[in-house]
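To start, the structure itself, in structure tokens.
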Amino acid sequence: MCCAIEMTSLAPTLIWCEKALLADGWAKDVLLEIDAAGDFSRVSPDASAGDAARVAGAILPGIGNLHSHAFQRAAAGLTERRHSADGPGGGNADSFWTWREVLHSFVTRLNPDDQEAIAAQLYVEMLKAGYTAVGEFHYVHQDPDGRPYADPAEMAVRTLAAAKTAGIGITMLPVLYTVGGYGDVTPNAGQKRYILDVDAFLALVQGLTATTQGDPNVRVGIAPHSVRQVPASPLAEALAGFDAIDATAPIHIHIAEQVRDVDEHLNHVGARPVEWLLANAEVDARWCLVHATHVNEAETRNMAASRAVAGICPTTEGNLGDGIFPFVDYLAAGGRWGIGSDSHVSVSPIEELRWLEYVQRLITRSRNVAAPGHGGSTGARLFGDALAGGAQALGRPIGALKAGCRADLVVLDTNHPNLLGRDGDGLLDSFIFGGNTNPVRDVMVGGRWVVRDGSHAAEDVVFATYRRTMRRLADESL
Ligand code: NGQ
Ligand code: ZN
């Protein structure tokens, strides 16, 4: 694809802004020095602009989107019709499980060009929304017959190409998916494309790690899909094998998303999913537990103590009717967390953070649930925690404007109607809770401007390709 944002080395850059959110809070007159590798080399508050390029507005660190299945962007909205027959009393049997059937059938039609086109469109959208890095939980590995492509990494390579085209930082998380379900259920046509044995999986991870080595915008981790799709012994084998490849890279897993996930794990394995994982794997700060929705008090406390990140995807979890993560208790236990757009029914950190807070307000019938005590800002707490959790889960030096971190940032337009008259944490409160239009004006990743004045350099080309893909997919489904 043409128009990729080039990742070759840059001239050192100096930018200056009146307001910036540093690791210890808001600072004034901030000079940001960016080296030729695209990292911050120095960040100085109370500095004069000198020859630096002056940036109007307020600078925030770019936020990490810790959970994405890129191809699902093309299915957003396709699953909003009642799928199940009405039950005997006319009841609604639609659920996560019926949604999943539609998704597995959708996936049978995607080819590598589609994957690249959809991911590029999605990643451009992410950047414009203020996400500067993504964790791609990537599981469509095989061709439609369930056989490897000539290059078994084809689909992952295409996804990485899309990230390069868009210029977003990426943590590629190849997925291990070994069985159709508990009790060795036969995989359906869609699932055939996900299944790998542990050896093929580790070869894929090894290859991707080698080919992306040295690219500061890419990291490779792993994602055993879930305790439902990966039984204990392949899980242990994969974890040991991955340690030999990279003993520090991130490990993500879906866990306890649905009540049925808890019940089935109890029935087949004799423990609750999070309880079981904490007892059977060395869960630590490398781990991201995605959709740890259904956890009891002990699991909530123990998960927080493990220093793993809870991967919360509020818009998708709402869309799928998953249930509600005990966010208040988890915060009280000092738990780490971040956000993901997952199925991409929404691509907006604002909406993820707002939903996370609003759901808690609705169940507790109170307000400012995430705020850190009297006078504390809900927006600043949500944004700050999600920055830190996103950076940890993605295993890259991101999420803060400080020397040694990637120069990933977003510029808020302080002249935007939602932000007028706001300052400091008030900017974050109004950014998240102040309207439905996006005040992100410019975005930089690894020292390069990828969004300027709300437009992405490659957005027209990326969209034209995406449009062709979507038309073909629509025609095929007639
Ligand atoms: C996925 N998504 O892998 O894309 C899953 C659905 C499953 C979410 N859990 C399929 N949100 O869990 O098997
Ligand atoms: Zn997921």
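Each chain in the structure tokens gets a letter, A, B, ..., in the order shown, and its residues are numbered from 1; ligands are numbered from 1 in order too.
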Quiz item: Neighbours of Asp329 (chain A) within 10 Å (only C-alpha atoms; same-chain residues fewer than 2 positions away dropped), as JSON, numbers by chain?
Solution: {"A": [297, 300, 301, 304, 325, 326, 327, 331, 332, 333, 334, 335]}
Export, as a PDB file, in the first residue's frame, the selected residues with N, CA and C atoms.
```pdb
ATOM      1  N   GLU A 297     -14.947 -11.411  45.139  1.00  0.00           N
ATOM      2  CA  GLU A 297     -14.119 -10.475  45.923  1.00  0.00           C
ATOM      3  C   GLU A 297     -12.670 -10.921  46.017  1.00  0.00           C
ATOM      4  N   THR A 300     -10.918 -10.417  42.732  1.00  0.00           N
ATOM      5  CA  THR A 300     -10.680  -8.989  42.487  1.00  0.00           C
ATOM      6  C   THR A 300      -9.420  -8.548  43.235  1.00  0.00           C
ATOM      7  N   ARG A 301      -9.336  -8.899  44.492  1.00  0.00           N
ATOM      8  CA  ARG A 301      -8.175  -8.526  45.319  1.00  0.00           C
ATOM      9  C   ARG A 301      -6.889  -9.175  44.796  1.00  0.00           C
ATOM     10  N   ALA A 304      -5.671  -7.669  41.529  1.00  0.00           N
ATOM     11  CA  ALA A 304      -5.026  -6.368  41.770  1.00  0.00           C
ATOM     12  C   ALA A 304      -3.618  -6.592  42.326  1.00  0.00           C
ATOM     13  N   PHE A 325     -17.868  -5.241  35.353  1.00  0.00           N
ATOM     14  CA  PHE A 325     -16.642  -5.471  36.128  1.00  0.00           C
ATOM     15  C   PHE A 325     -16.724  -4.673  37.436  1.00  0.00           C
ATOM     16  N   PRO A 326     -16.304  -5.279  38.576  1.00  0.00           N
ATOM     17  CA  PRO A 326     -16.384  -4.559  39.863  1.00  0.00           C
ATOM     18  C   PRO A 326     -15.286  -3.501  39.986  1.00  0.00           C
ATOM     19  N   PHE A 327     -15.446  -2.457  39.198  1.00  0.00           N
ATOM     20  CA  PHE A 327     -14.405  -1.441  39.040  1.00  0.00           C
ATOM     21  C   PHE A 327     -14.095  -0.717  40.358  1.00  0.00           C
ATOM     22  N   LEU A 331     -10.458  -0.728  42.018  1.00  0.00           N
ATOM     23  CA  LEU A 331      -9.694   0.506  42.262  1.00  0.00           C
ATOM     24  C   LEU A 331      -9.278   0.580  43.729  1.00  0.00           C
ATOM     25  N   ALA A 332     -10.207   0.234  44.611  1.00  0.00           N
ATOM     26  CA  ALA A 332      -9.903   0.299  46.049  1.00  0.00           C
ATOM     27  C   ALA A 332      -8.764  -0.660  46.399  1.00  0.00           C
ATOM     28  N   ALA A 333      -8.643  -1.752  45.642  1.00  0.00           N
ATOM     29  CA  ALA A 333      -7.562  -2.711  45.898  1.00  0.00           C
ATOM     30  C   ALA A 333      -6.265  -2.307  45.198  1.00  0.00           C
ATOM     31  N   GLY A 334      -6.284  -1.139  44.536  1.00  0.00           N
ATOM     32  CA  GLY A 334      -5.068  -0.660  43.863  1.00  0.00           C
ATOM     33  C   GLY A 334      -4.822  -1.324  42.520  1.00  0.00           C
ATOM     34  N   GLY A 335      -5.877  -1.866  41.900  1.00  0.00           N
ATOM     35  CA  GLY A 335      -5.716  -2.588  40.632  1.00  0.00           C
ATOM     36  C   GLY A 335      -5.333  -1.692  39.462  1.00  0.00           C
TER      37      GLY A 335
END
```
Could you make a table, as a tab-separated table, of the residues of chain A that have an atom within 10 Å of an atom of ligand 1, each with its nearest atom pair and distance in Å to one decimal, counting only C-alpha atoms and all ligand atoms, in chain and number order?
```
residue	atom	partner	partner_atom_place_in_ligand_line	distance
A:His67	CA	ligand 1	11 (N)	9.4
A:Ser68	CA	ligand 1	4 (O)	8.5
A:His69	CA	ligand 1	4 (O)	6.2
A:Ala70	CA	ligand 1	4 (O)	9.5
A:Phe71	CA	ligand 1	4 (O)	9.3
A:Gln72	CA	ligand 1	4 (O)	7.7
A:Phe96	CA	ligand 1	6 (C)	7.9
A:Trp97	CA	ligand 1	10 (C)	8.3
A:Trp99	CA	ligand 1	6 (C)	8.4
A:Arg100	CA	ligand 1	10 (C)	5.6
A:Glu101	CA	ligand 1	10 (C)	8.7
A:Leu103	CA	ligand 1	10 (C)	7.9
A:His104	CA	ligand 1	10 (C)	8.1
A:Phe137	CA	ligand 1	3 (O)	8.1
A:His138	CA	ligand 1	3 (O)	8.7
A:Tyr139	CA	ligand 1	3 (O)	7.6
A:Val140	CA	ligand 1	3 (O)	9.7
A:Val175	CA	ligand 1	3 (O)	9.2
A:Tyr177	CA	ligand 1	13 (O)	9.4
A:Gly180	CA	ligand 1	13 (O)	8.9
A:Gly181	CA	ligand 1	13 (O)	8.5
A:Gln191	CA	ligand 1	13 (O)	8.8
A:Tyr194	CA	ligand 1	3 (O)	9.6
A:His225	CA	ligand 1	3 (O)	6.8
A:Ser226	CA	ligand 1	12 (O)	7.3
A:Val227	CA	ligand 1	12 (O)	10.0
A:Arg228	CA	ligand 1	13 (O)	7.9
A:Gln229	CA	ligand 1	13 (O)	7.4
A:Ile253	CA	ligand 1	3 (O)	9.8
A:His254	CA	ligand 1	9 (N)	6.5
A:Ile255	CA	ligand 1	9 (N)	8.5
A:Ala256	CA	ligand 1	9 (N)	9.3
A:Glu257	CA	ligand 1	9 (N)	6.6
A:Gln258	CA	ligand 1	9 (N)	8.7
A:Asp261	CA	ligand 1	12 (O)	9.2
A:Val290	CA	ligand 1	9 (N)	8.4
A:His291	CA	ligand 1	9 (N)	7.4
A:Cys313	CA	ligand 1	11 (N)	8.3
A:Thr316	CA	ligand 1	11 (N)	6.5
A:Glu317	CA	ligand 1	11 (N)	6.9
A:Asn319	CA	ligand 1	11 (N)	9.3
A:Leu320	CA	ligand 1	11 (N)	7.3
A:Asp322	CA	ligand 1	11 (N)	8.6
A:Ser341	CA	ligand 1	11 (N)	9.6
A:Asp342	CA	ligand 1	11 (N)	6.4
A:Ser343	CA	ligand 1	11 (N)	6.5
```
Practice problem: Determine, counting only C-alpha atoms, which protein, DNA and RNA residues have an atom within 10 Å of an atom of Gly340 (chain A); residues of the same chain fewer than 6 positions away are not included. Present the result as a VMD selection string. | Solution: chain A and resid 64 to 69 131 134 to 136 290 to 291 311 to 316 347 to 349 352 to 353 386 390
Requested write-out: N, CA, C and O atoms of the selected residues, as a tab-separated table (two decimals), in the first residue's frame:
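So the final result, stored in out_5.tsv, reads:
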```
chain	number	residue	atom	x	y	z
A	64	GLY	N	-2.85	4.27	24.88
A	64	GLY	CA	-2.78	2.93	24.29
A	64	GLY	C	-4.15	2.26	24.30
A	64	GLY	O	-4.87	2.31	25.29
A	65	ASN	N	-4.47	1.65	23.19
A	65	ASN	CA	-5.70	0.87	23.05
A	65	ASN	C	-5.29	-0.58	23.22
A	65	ASN	O	-4.70	-1.17	22.30
A	66	LEU	N	-5.53	-1.15	24.39
A	66	LEU	CA	-4.87	-2.42	24.69
A	66	LEU	C	-5.55	-3.66	24.14
A	66	LEU	O	-5.02	-4.76	24.26
A	67	HIS	N	-6.71	-3.49	23.50
A	67	HIS	CA	-7.37	-4.70	23.01
A	67	HIS	C	-8.13	-4.43	21.71
A	67	HIS	O	-9.12	-3.71	21.69
A	68	SER	N	-7.63	-5.04	20.62
A	68	SER	CA	-8.26	-4.86	19.31
A	68	SER	C	-8.29	-6.17	18.56
A	68	SER	O	-7.31	-6.92	18.55
A	69	HIS	N	-9.45	-6.44	17.91
A	69	HIS	CA	-9.51	-7.48	16.88
A	69	HIS	C	-9.86	-6.70	15.62
A	69	HIS	O	-11.04	-6.40	15.37
A	131	TYR	N	-5.80	7.53	20.10
A	131	TYR	CA	-5.04	6.33	20.44
A	131	TYR	C	-3.76	6.35	19.60
A	131	TYR	O	-3.83	6.43	18.37
A	134	VAL	N	-1.67	0.35	19.72
A	134	VAL	CA	-2.74	-0.65	19.80
A	134	VAL	C	-2.16	-2.00	20.17
A	134	VAL	O	-1.03	-2.31	19.79
A	135	GLY	N	-2.93	-2.80	20.90
A	135	GLY	CA	-2.59	-4.20	21.15
A	135	GLY	C	-3.49	-5.03	20.25
A	135	GLY	O	-4.71	-5.06	20.43
A	136	GLU	N	-2.89	-5.66	19.25
A	136	GLU	CA	-3.71	-6.39	18.27
A	136	GLU	C	-3.74	-7.87	18.64
A	136	GLU	O	-2.77	-8.61	18.45
A	290	VAL	N	-8.11	-9.67	29.96
A	290	VAL	CA	-9.13	-8.94	29.20
A	290	VAL	C	-10.51	-9.48	29.57
A	290	VAL	O	-10.72	-10.70	29.59
A	291	HIS	N	-11.43	-8.57	29.82
A	291	HIS	CA	-12.80	-8.95	30.21
A	291	HIS	C	-12.81	-9.84	31.45
A	291	HIS	O	-13.39	-10.93	31.43
A	311	GLY	N	-7.89	-5.56	31.38
A	311	GLY	CA	-8.22	-4.95	30.08
A	311	GLY	C	-9.73	-4.78	30.00
A	311	GLY	O	-10.47	-5.76	29.86
A	312	ILE	N	-10.19	-3.55	30.12
A	312	ILE	CA	-11.63	-3.28	30.16
A	312	ILE	C	-12.04	-2.65	28.84
A	312	ILE	O	-11.38	-1.73	28.35
A	313	CYS	N	-13.12	-3.16	28.26
A	313	CYS	CA	-13.56	-2.70	26.93
A	313	CYS	C	-15.03	-2.30	27.03
A	313	CYS	O	-15.91	-3.04	26.55
A	314	PRO	N	-15.32	-1.18	27.68
A	314	PRO	CA	-16.71	-0.90	28.07
A	314	PRO	C	-17.72	-0.86	26.92
A	314	PRO	O	-18.83	-1.37	27.09
A	315	THR	N	-17.36	-0.32	25.75
A	315	THR	CA	-18.40	-0.25	24.70
A	315	THR	C	-18.70	-1.64	24.14
A	315	THR	O	-19.86	-1.99	23.89
A	316	THR	N	-17.67	-2.46	23.97
A	316	THR	CA	-17.92	-3.82	23.47
A	316	THR	C	-18.64	-4.64	24.53
A	316	THR	O	-19.57	-5.39	24.23
A	347	VAL	N	-14.78	3.68	18.32
A	347	VAL	CA	-13.32	3.85	18.32
A	347	VAL	C	-13.04	5.21	18.94
A	347	VAL	O	-12.83	6.20	18.24
A	348	SER	N	-13.09	5.26	20.26
A	348	SER	CA	-12.98	6.53	20.94
A	348	SER	C	-12.61	6.32	22.41
A	348	SER	O	-13.40	5.74	23.16
A	349	PRO	N	-11.43	6.79	22.81
A	349	PRO	CA	-11.10	6.66	24.24
A	349	PRO	C	-12.09	7.41	25.11
A	349	PRO	O	-12.36	7.00	26.25
A	352	GLU	N	-15.00	5.03	25.74
A	352	GLU	CA	-14.65	3.93	26.65
A	352	GLU	C	-14.62	4.41	28.10
A	352	GLU	O	-15.18	3.79	29.00
A	353	LEU	N	-13.94	5.54	28.33
A	353	LEU	CA	-13.77	6.03	29.70
A	353	LEU	C	-15.10	6.51	30.28
A	353	LEU	O	-15.40	6.31	31.46
A	386	ALA	N	-5.60	4.92	32.68
A	386	ALA	CA	-5.67	4.23	31.39
A	386	ALA	C	-4.37	4.40	30.60
A	386	ALA	O	-3.95	3.50	29.87
A	390	GLY	N	-2.38	1.09	29.86
A	390	GLY	CA	-2.19	0.83	28.43
A	390	GLY	C	-0.71	0.61	28.12
A	390	GLY	O	-0.33	-0.32	27.42
```
Quiz item: Leaving out region 368-376 of chain A and any residue of its chain fewer than 6 positions from it, which residues lie within 9 Å of it when counting only C-alpha atoms, given as a ChimeraX atom specification?
Solution: /A:327-328,331,357-358,360-361,382
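Considering the residues A:Ala380, A:Leu412, A:Leu427, A:Ala223 and counting only C-alpha atoms and all ligand atoms, ligand 2 has its shortest atom-to-atom contact with A:Ala223.
With only C-alpha atoms taken into account, the protein and nucleic acid residues at most 10 Å from Arg396 (chain A) (excluding it and anything under 3 positions from it in its own chain) are Gly64, Ala133, Gly169, Ile170, Thr171, Pro216, Asn217, Val218, Arg219, Val220, Ala249, Pro250, Gly390, Ala391, Gln392, Ala393, Gly399, Cys405 and Arg406 of chain A.
Distance annotation: of A:Ala200, A:Leu160, A:Leu289, A:Leu208, the residue with the minimal separation from ligand 2 is A:Leu289; atom set is only C-alpha atoms and all ligand atoms.
Proximity to Ala161 (chain A) at 9 Å, evaluated using only C-alpha atoms and with sequence-adjacent residues fewer than 3 positions away removed, yields Met1, Ala4, Glu116, Ala120, Ala156, Val157, Arg158, Lys164, Thr165 and Ala166 of chain A.
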Please produce a file of those selected residues containing N, CA, C and O atoms, as a PDB file, in the first residue's frame.
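Wrote part03.pdb, looks like this:
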```pdb
ATOM      1  N   MET A   1       0.857  -1.204   0.000  1.00  0.00           N
ATOM      2  CA  MET A   1       0.000   0.000   0.000  1.00  0.00           C
ATOM      3  C   MET A   1       0.885   1.244   0.000  1.00  0.00           C
ATOM      4  O   MET A   1       1.914   1.258   0.660  1.00  0.00           O
ATOM      5  N   ALA A   4       2.570   4.963   3.030  1.00  0.00           N
ATOM      6  CA  ALA A   4       2.878   4.575   4.415  1.00  0.00           C
ATOM      7  C   ALA A   4       3.630   5.708   5.082  1.00  0.00           C
ATOM      8  O   ALA A   4       4.401   6.409   4.447  1.00  0.00           O
ATOM      9  N   GLU A 116      -5.836  -6.322   5.627  1.00  0.00           N
ATOM     10  CA  GLU A 116      -4.964  -5.140   5.610  1.00  0.00           C
ATOM     11  C   GLU A 116      -5.782  -3.863   5.433  1.00  0.00           C
ATOM     12  O   GLU A 116      -5.552  -2.856   6.107  1.00  0.00           O
ATOM     13  N   ALA A 120      -6.060  -0.991   8.276  1.00  0.00           N
ATOM     14  CA  ALA A 120      -5.526   0.353   7.992  1.00  0.00           C
ATOM     15  C   ALA A 120      -6.591   1.416   8.271  1.00  0.00           C
ATOM     16  O   ALA A 120      -6.318   2.461   8.889  1.00  0.00           O
ATOM     17  N   ALA A 156      -0.826 -11.783   9.911  1.00  0.00           N
ATOM     18  CA  ALA A 156      -0.170 -10.909  10.902  1.00  0.00           C
ATOM     19  C   ALA A 156       0.694  -9.872  10.195  1.00  0.00           C
ATOM     20  O   ALA A 156       0.698  -8.683  10.559  1.00  0.00           O
ATOM     21  N   VAL A 157       1.394 -10.322   9.161  1.00  0.00           N
ATOM     22  CA  VAL A 157       2.263  -9.413   8.404  1.00  0.00           C
ATOM     23  C   VAL A 157       1.418  -8.308   7.763  1.00  0.00           C
ATOM     24  O   VAL A 157       1.795  -7.128   7.771  1.00  0.00           O
ATOM     25  N   ARG A 158       0.261  -8.677   7.224  1.00  0.00           N
ATOM     26  CA  ARG A 158      -0.630  -7.677   6.618  1.00  0.00           C
ATOM     27  C   ARG A 158      -1.133  -6.684   7.665  1.00  0.00           C
ATOM     28  O   ARG A 158      -1.339  -5.516   7.399  1.00  0.00           O
ATOM     29  N   LYS A 164       1.777   0.200   9.862  1.00  0.00           N
ATOM     30  CA  LYS A 164       2.827   1.073   9.296  1.00  0.00           C
ATOM     31  C   LYS A 164       2.193   2.114   8.382  1.00  0.00           C
ATOM     32  O   LYS A 164       2.564   3.290   8.409  1.00  0.00           O
ATOM     33  N   THR A 165       1.251   1.706   7.574  1.00  0.00           N
ATOM     34  CA  THR A 165       0.558   2.652   6.694  1.00  0.00           C
ATOM     35  C   THR A 165      -0.061   3.781   7.518  1.00  0.00           C
ATOM     36  O   THR A 165       0.043   4.956   7.171  1.00  0.00           O
ATOM     37  N   ALA A 166      -0.693   3.406   8.619  1.00  0.00           N
ATOM     38  CA  ALA A 166      -1.356   4.411   9.450  1.00  0.00           C
ATOM     39  C   ALA A 166      -0.355   5.171  10.314  1.00  0.00           C
ATOM     40  O   ALA A 166      -0.576   6.324  10.667  1.00  0.00           O
TER      41      ALA A 166
END
```
Practice problem: Tell me, as a ChimeraX atom specification, which residues lie within 12 Å of Leu14 (chain A), counting only C-alpha atoms; anything in the same chain fewer than 5 positions away does not count. | Solution: /A:30-36,38-44,47-55,407,447-448
The selected residues should be written to file as a short mmCIF file (atom, residue, chain, number, x, y, z; two decimals), in the first residue's frame (atoms: N, CA, C and O atoms).
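Saved to result-v5.cif:
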```cif
data_model
loop_
_atom_site.label_atom_id
_atom_site.label_comp_id
_atom_site.auth_asym_id
_atom_site.auth_seq_id
_atom_site.Cartn_x
_atom_site.Cartn_y
_atom_site.Cartn_z
N VAL A 30 6.14 24.11 28.16
CA VAL A 30 6.91 22.86 28.13
C VAL A 30 7.64 22.70 26.79
O VAL A 30 7.04 22.79 25.72
N LEU A 31 8.93 22.49 26.91
CA LEU A 31 9.76 22.25 25.73
C LEU A 31 10.02 20.75 25.64
O LEU A 31 10.50 20.13 26.60
N LEU A 32 9.68 20.17 24.46
CA LEU A 32 9.84 18.72 24.27
C LEU A 32 10.91 18.50 23.20
O LEU A 32 10.76 18.95 22.06
N GLU A 33 11.96 17.83 23.58
CA GLU A 33 13.03 17.53 22.63
C GLU A 33 12.91 16.08 22.21
O GLU A 33 12.82 15.17 23.05
N ILE A 34 12.91 15.87 20.89
CA ILE A 34 12.68 14.52 20.33
C ILE A 34 13.91 14.14 19.52
O ILE A 34 14.35 14.91 18.66
N ASP A 35 14.46 12.97 19.79
CA ASP A 35 15.70 12.60 19.10
C ASP A 35 15.40 11.92 17.75
O ASP A 35 14.24 11.71 17.38
N ALA A 36 16.47 11.56 17.07
CA ALA A 36 16.33 11.02 15.71
C ALA A 36 15.64 9.66 15.69
O ALA A 36 15.12 9.22 14.67
N GLY A 38 12.97 9.06 17.46
CA GLY A 38 11.56 9.26 17.75
C GLY A 38 11.21 9.12 19.22
O GLY A 38 10.05 8.92 19.59
N ASP A 39 12.21 9.23 20.08
CA ASP A 39 11.98 9.21 21.54
C ASP A 39 12.12 10.62 22.10
O ASP A 39 12.88 11.43 21.55
N PHE A 40 11.46 10.89 23.21
CA PHE A 40 11.75 12.14 23.91
C PHE A 40 13.15 12.04 24.51
O PHE A 40 13.47 11.05 25.19
N SER A 41 13.97 13.05 24.26
CA SER A 41 15.30 13.04 24.88
C SER A 41 15.33 13.97 26.09
O SER A 41 16.11 13.78 27.01
N ARG A 42 14.45 14.98 26.09
CA ARG A 42 14.35 15.84 27.26
C ARG A 42 12.97 16.52 27.27
O ARG A 42 12.47 16.89 26.21
N VAL A 43 12.40 16.65 28.43
CA VAL A 43 11.11 17.34 28.57
C VAL A 43 11.28 18.37 29.68
O VAL A 43 11.53 18.02 30.83
N SER A 44 11.17 19.66 29.32
CA SER A 44 11.47 20.72 30.29
C SER A 44 10.29 21.66 30.48
O SER A 44 9.92 22.37 29.54
N ALA A 47 10.00 26.47 30.30
CA ALA A 47 11.11 26.78 29.38
C ALA A 47 10.65 27.79 28.35
O ALA A 47 9.45 27.91 28.07
N SER A 48 11.57 28.52 27.78
CA SER A 48 11.16 29.43 26.70
C SER A 48 11.15 28.65 25.39
O SER A 48 11.84 27.64 25.24
N ALA A 49 10.36 29.17 24.44
CA ALA A 49 10.17 28.43 23.20
C ALA A 49 11.42 28.46 22.33
O ALA A 49 11.72 27.49 21.64
N GLY A 50 12.16 29.55 22.35
CA GLY A 50 13.35 29.65 21.49
C GLY A 50 13.00 29.34 20.05
O GLY A 50 12.01 29.86 19.50
N ASP A 51 13.76 28.45 19.43
CA ASP A 51 13.54 28.10 18.01
C ASP A 51 12.52 26.96 17.84
O ASP A 51 12.28 26.51 16.72
N ALA A 52 12.00 26.47 18.94
CA ALA A 52 11.11 25.31 18.84
C ALA A 52 9.83 25.65 18.07
O ALA A 52 9.39 26.80 18.05
N ALA A 53 9.25 24.62 17.42
CA ALA A 53 7.95 24.80 16.76
C ALA A 53 6.90 24.96 17.86
O ALA A 53 6.79 24.10 18.74
N ARG A 54 6.15 26.07 17.82
CA ARG A 54 5.13 26.30 18.85
C ARG A 54 3.86 25.54 18.49
O ARG A 54 3.35 25.67 17.38
N VAL A 55 3.36 24.77 19.44
CA VAL A 55 2.12 24.02 19.23
C VAL A 55 1.04 24.69 20.07
O VAL A 55 1.17 24.82 21.29
N ALA A 407 7.99 9.39 21.48
CA ALA A 407 7.35 10.70 21.32
C ALA A 407 5.98 10.50 20.68
O ALA A 407 5.76 10.74 19.50
N GLY A 447 7.59 10.64 17.13
CA GLY A 447 8.21 11.86 16.61
C GLY A 447 7.69 12.34 15.26
O GLY A 447 8.17 13.35 14.75
N ARG A 448 6.73 11.64 14.67
CA ARG A 448 6.17 12.07 13.38
C ARG A 448 4.72 12.49 13.55
O ARG A 448 3.95 11.78 14.17
#
```
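For the atom pair formed by CA of Arg81 (chain A) and CA of Gly318 (chain A), the distance is 15.9 Å, given to one decimal.
Between CA of Gly323 (chain A) and CA of Ser233 (chain A) lies a distance of 29.2 Å.
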Quiz item: Which of region 287-473 of chain A counts as strand (DSSP E or B) under DSSP, as a PyMOL selection string please?
Solution: chain A and resi 287-290+309-312+336-339+342+406+409-412+440-445+448-452+455-456
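Of the residues under consideration (A:Leu266, A:Ala238, A:Met303, A:Leu173), A:Leu173 shows the shortest atom-to-atom contact distance to ligand 2 when counting only C-alpha atoms and all ligand atoms.
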Practice problem: Identify, with DSSP run on backbone atoms, the residues in region 52-135 of chain A assigned to helix (DSSP H, G or I), and express the list as JSON, numbers by chain. | Solution: {"A": [70, 71, 72, 73, 74, 75, 96, 97, 98, 99, 100, 101, 102, 103, 104, 105, 106, 107, 108, 109, 112, 113, 114, 115, 116, 117, 118, 119, 120, 121, 122, 123, 124, 125, 126, 127, 128, 129]}
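Distances here use only C-alpha atoms and all ligand atoms; by that measure, the residue among A:Asn280, A:Ile245, A:Phe431, A:His344 closest to ligand 2 is A:His344.
Among the candidates A:Gln142, A:Asn111, A:Phe433, A:Arg193, the residue lying nearest to Trp355 (chain A) is A:Phe433 (atoms considered: only C-alpha atoms).
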Exercise. Kindly give the distance, in Å, that separates CA of Ser306 (chain A) and CA of Val283 (chain A), rounded to a single decimal.
Key: 6.2 Å
